Amino acid sequence: MRAPRVLAVAGATAICALVLTACGATLDRASTSAASNLSPVAREEGRPLRVVATTGQIADTVRRVGGTRVVTHGLMGPGVDPHVYRASESDITRLETADAVFWNGLHLEAGISEVLERIGDLGVHSIRVTDAIDRGGLLAPPEFEGAYDPHVWFDLDLWSIVVETIRDALTEMDPDGASVYRANAAAYIAQIAELDVYVKARALEIEERVRVLVTAHDAFNYFANRYGMEVRGLQGISTEGEASTADVQKLAKFISDREIPAIFIESSVPDQGVQAVIEAAAARGHTVIIGGEIFSDAMGAEGTDEGTYLGMIRHNIDTIVEALRKA
């Protein structure tokens, strides 16, 4: 059994109240260390590891690798924007009573990053799943000064590295399950590689001149780089700010000049900005339609194909291709 922690739940709540006034620490680009040397979790025989994961993509991946040896709670459900998410008191209780928390760590969970950093003081293993990714493989847009683009799940090679990080962390915390975690991770990485081939083939179905993905915010740069697409977002990498009238007009001009046929809404971002762009493009004499809803920072509903990482990626490329290849 685990020894009592130094701080009680009330203490964790106090920590939350203290740090949620900040927007979260920006991670240093020189930081490349992966979570390692985690101590095995002491627990009664037969009890699975209790894990909290921040985003749906991370939670689904932990479930796939952990199997029945891990019980995973996803903190941020369908439609939740992690850039602006704030932890509730019940969230803090879940974090405090978990064996481990898995999170992105590249400023994605800006509103709760300090909570996640400090949860280790309560004896909870805190694992940033992106730490093992070589920083040379990450995008560092100038407008996101001091941090990398956190949307790494849209590069399937990078996400395979995340799978390995999760596998290694689970193995260190539960050495008896090592063979299970290795087998599950290997099978999952093979599925990711197969999906990557599918997405590449589908992207080529779009005529090159309109192979442009226009969305509410700039979440798809890794996706675009990998699959030969151009991207434009109304907002920047983060949704913490708001798009201005000038932003709307600039994007509408781009769409009109390039004769882009469709713009896409995101499940975790309000669509008012997208509607404003459509109206601004219409004022310029160009008709652009909503090509469909795609998933960026949050996945679909639990129990649906879109509620899984692989299903989300497949849904996105199918939706994008069907809308743009009609041009």
# chains A, B, ... in the order shown; residues from 1 in each chain; ligands from 1
call {"tool": "closest_atom_pairs", "arguments": {"of": "stretch 177-231 of chain A", "to": "stretch 246-258 of chain A", "cutoff": "12 Å", "atoms": "only C-alpha atoms", "output": "tab-separated table"}}
result
residue	atom	partner	partner_atom	distance
A:Glu208	CA	A:Arg258	CA	11.6
A:Arg209	CA	A:Arg258	CA	8.1
A:Val210	CA	A:Arg258	CA	7.7
A:Arg211	CA	A:Arg258	CA	10.6
A:Val212	CA	A:Arg258	CA	9.3
A:Leu213	CA	A:Ile255	CA	10.4
A:Val214	CA	A:Ile255	CA	8.4
A:Thr215	CA	A:Leu251	CA	10.1
A:Ala216	CA	A:Val248	CA	10.3
A:His217	CA	A:Asp247	CA	11.3
A:Glu230	CA	A:Arg258	CA	11.7
A:Val231	CA	A:Leu251	CA	11.1
call {"tool": "select_by_dssp", "arguments": {"residues": "stretch 73-109 of chain A", "states": "alpha helix (DSSP H)", "output": "list in words"}}
result
Glu89, Ser90, Asp91, Ile92, Thr93, Arg94, Leu95 and Glu96 of chain A
call {"tool": "write_last_selection", "arguments": {"atoms": "N, CA, C and O atoms", "output": "short mmCIF file (atom, residue, chain, number, x, y, z; two decimals), in the first residue's frame"}}
result
data_model
loop_
_atom_site.label_atom_id
_atom_site.label_comp_id
_atom_site.auth_asym_id
_atom_site.auth_seq_id
_atom_site.Cartn_x
_atom_site.Cartn_y
_atom_site.Cartn_z
N GLU A 89 -12.12 21.51 -8.73
CA GLU A 89 -11.71 20.88 -7.48
C GLU A 89 -11.74 19.36 -7.61
O GLU A 89 -10.87 18.66 -7.08
N SER A 90 -12.73 18.83 -8.35
CA SER A 90 -12.80 17.38 -8.54
C SER A 90 -11.63 16.89 -9.39
O SER A 90 -11.13 15.78 -9.18
N ASP A 91 -11.17 17.71 -10.34
CA ASP A 91 -10.00 17.35 -11.13
C ASP A 91 -8.77 17.22 -10.22
O ASP A 91 -7.98 16.28 -10.36
N ILE A 92 -8.62 18.17 -9.31
CA ILE A 92 -7.48 18.14 -8.40
C ILE A 92 -7.52 16.88 -7.54
O ILE A 92 -6.50 16.23 -7.29
N THR A 93 -8.72 16.51 -7.10
CA THR A 93 -8.85 15.29 -6.30
C THR A 93 -8.42 14.07 -7.10
O THR A 93 -7.71 13.19 -6.60
N ARG A 94 -8.84 14.01 -8.37
CA ARG A 94 -8.43 12.88 -9.23
C ARG A 94 -6.92 12.85 -9.40
O ARG A 94 -6.30 11.79 -9.35
N LEU A 95 -6.33 14.01 -9.62
CA LEU A 95 -4.88 14.07 -9.80
C LEU A 95 -4.15 13.63 -8.53
O LEU A 95 -3.18 12.87 -8.58
N GLU A 96 -4.63 14.09 -7.40
CA GLU A 96 -3.96 13.80 -6.12
C GLU A 96 -4.03 12.32 -5.77
O GLU A 96 -3.12 11.78 -5.12
#
call {"tool": "select_by_dssp", "arguments": {"residues": "stretch 63-288 of chain A", "states": "strand (DSSP E)", "output": "number ranges by chain"}}
result
A: 70-74, 100-103, 125-128, 212-217, 230-235, 262-266
call {"tool": "closest_residue", "arguments": {"among": "A:Ala183, A:Val197, A:Ile265, A:Ala281", "to": "A:Thr171", "atoms": "only C-alpha atoms"}}
result
A:Ala183
call {"tool": "atom_distance", "arguments": {"atom1": "atom CA of A:Ser160", "atom2": "atom CA of A:Ala42"}}
result
28.6 Å
call {"tool": "closest_residue", "arguments": {"among": "A:Gly66, A:Gly291, A:Gly300, A:Gly285", "to": "A:Pro261", "atoms": "only C-alpha atoms"}}
result
A:Gly291
call {"tool": "residues_around", "arguments": {"residues": "A:Arg47", "least_positions_apart": "3", "cutoff": "8 Å", "atoms": "only C-alpha atoms", "output": "ChimeraX atom specification"}}
result
/A:43-44,69
call {"tool": "write_last_selection", "arguments": {"atoms": "all heavy atoms", "output": "compact mmCIF listing (two decimals), in the first residue's frame"}}
result
# COMPACT_ATOMS: atom_id res chain seq x y z
N ARG A 43 1.26 -0.95 -4.46
CA ARG A 43 -0.20 -1.07 -4.41
C ARG A 43 -0.56 -2.51 -4.07
O ARG A 43 0.25 -3.42 -4.20
CB ARG A 43 -0.83 -0.66 -5.73
CG ARG A 43 -0.44 -1.51 -6.92
CD ARG A 43 -0.78 -0.79 -8.24
NE ARG A 43 -0.72 -1.68 -9.38
CZ ARG A 43 0.40 -2.05 -9.99
NH1 ARG A 43 1.57 -1.62 -9.53
NH2 ARG A 43 0.37 -2.85 -11.05
N GLU A 44 -1.80 -2.70 -3.64
CA GLU A 44 -2.24 -4.04 -3.30
C GLU A 44 -2.25 -4.92 -4.54
O GLU A 44 -2.45 -4.45 -5.66
CB GLU A 44 -3.62 -4.01 -2.64
CG GLU A 44 -4.73 -3.42 -3.48
CD GLU A 44 -4.88 -1.93 -3.28
OE1 GLU A 44 -3.90 -1.26 -2.85
OE2 GLU A 44 -5.99 -1.42 -3.60
N ARG A 69 -4.28 -3.56 -17.33
CA ARG A 69 -3.43 -3.30 -16.17
C ARG A 69 -3.49 -1.85 -15.72
O ARG A 69 -2.93 -1.48 -14.69
CB ARG A 69 -1.97 -3.68 -16.47
CG ARG A 69 -1.76 -5.15 -16.80
CD ARG A 69 -0.29 -5.48 -16.90
NE ARG A 69 0.37 -5.42 -15.59
CZ ARG A 69 0.44 -6.44 -14.72
NH1 ARG A 69 -0.13 -7.60 -15.02
NH2 ARG A 69 1.07 -6.29 -13.57
call {"tool": "closest_residue", "arguments": {"among": "A:Ala147, A:Ala201, A:Val52, A:Val62", "to": "A:Tyr188", "atoms": "only C-alpha atoms"}}
result
A:Val62
call {"tool": "closest_residue", "arguments": {"among": "A:Leu38, A:Ala283, A:Val180, A:Ile294", "to": "A:Gly120", "atoms": "only C-alpha atoms"}}
result
A:Leu38
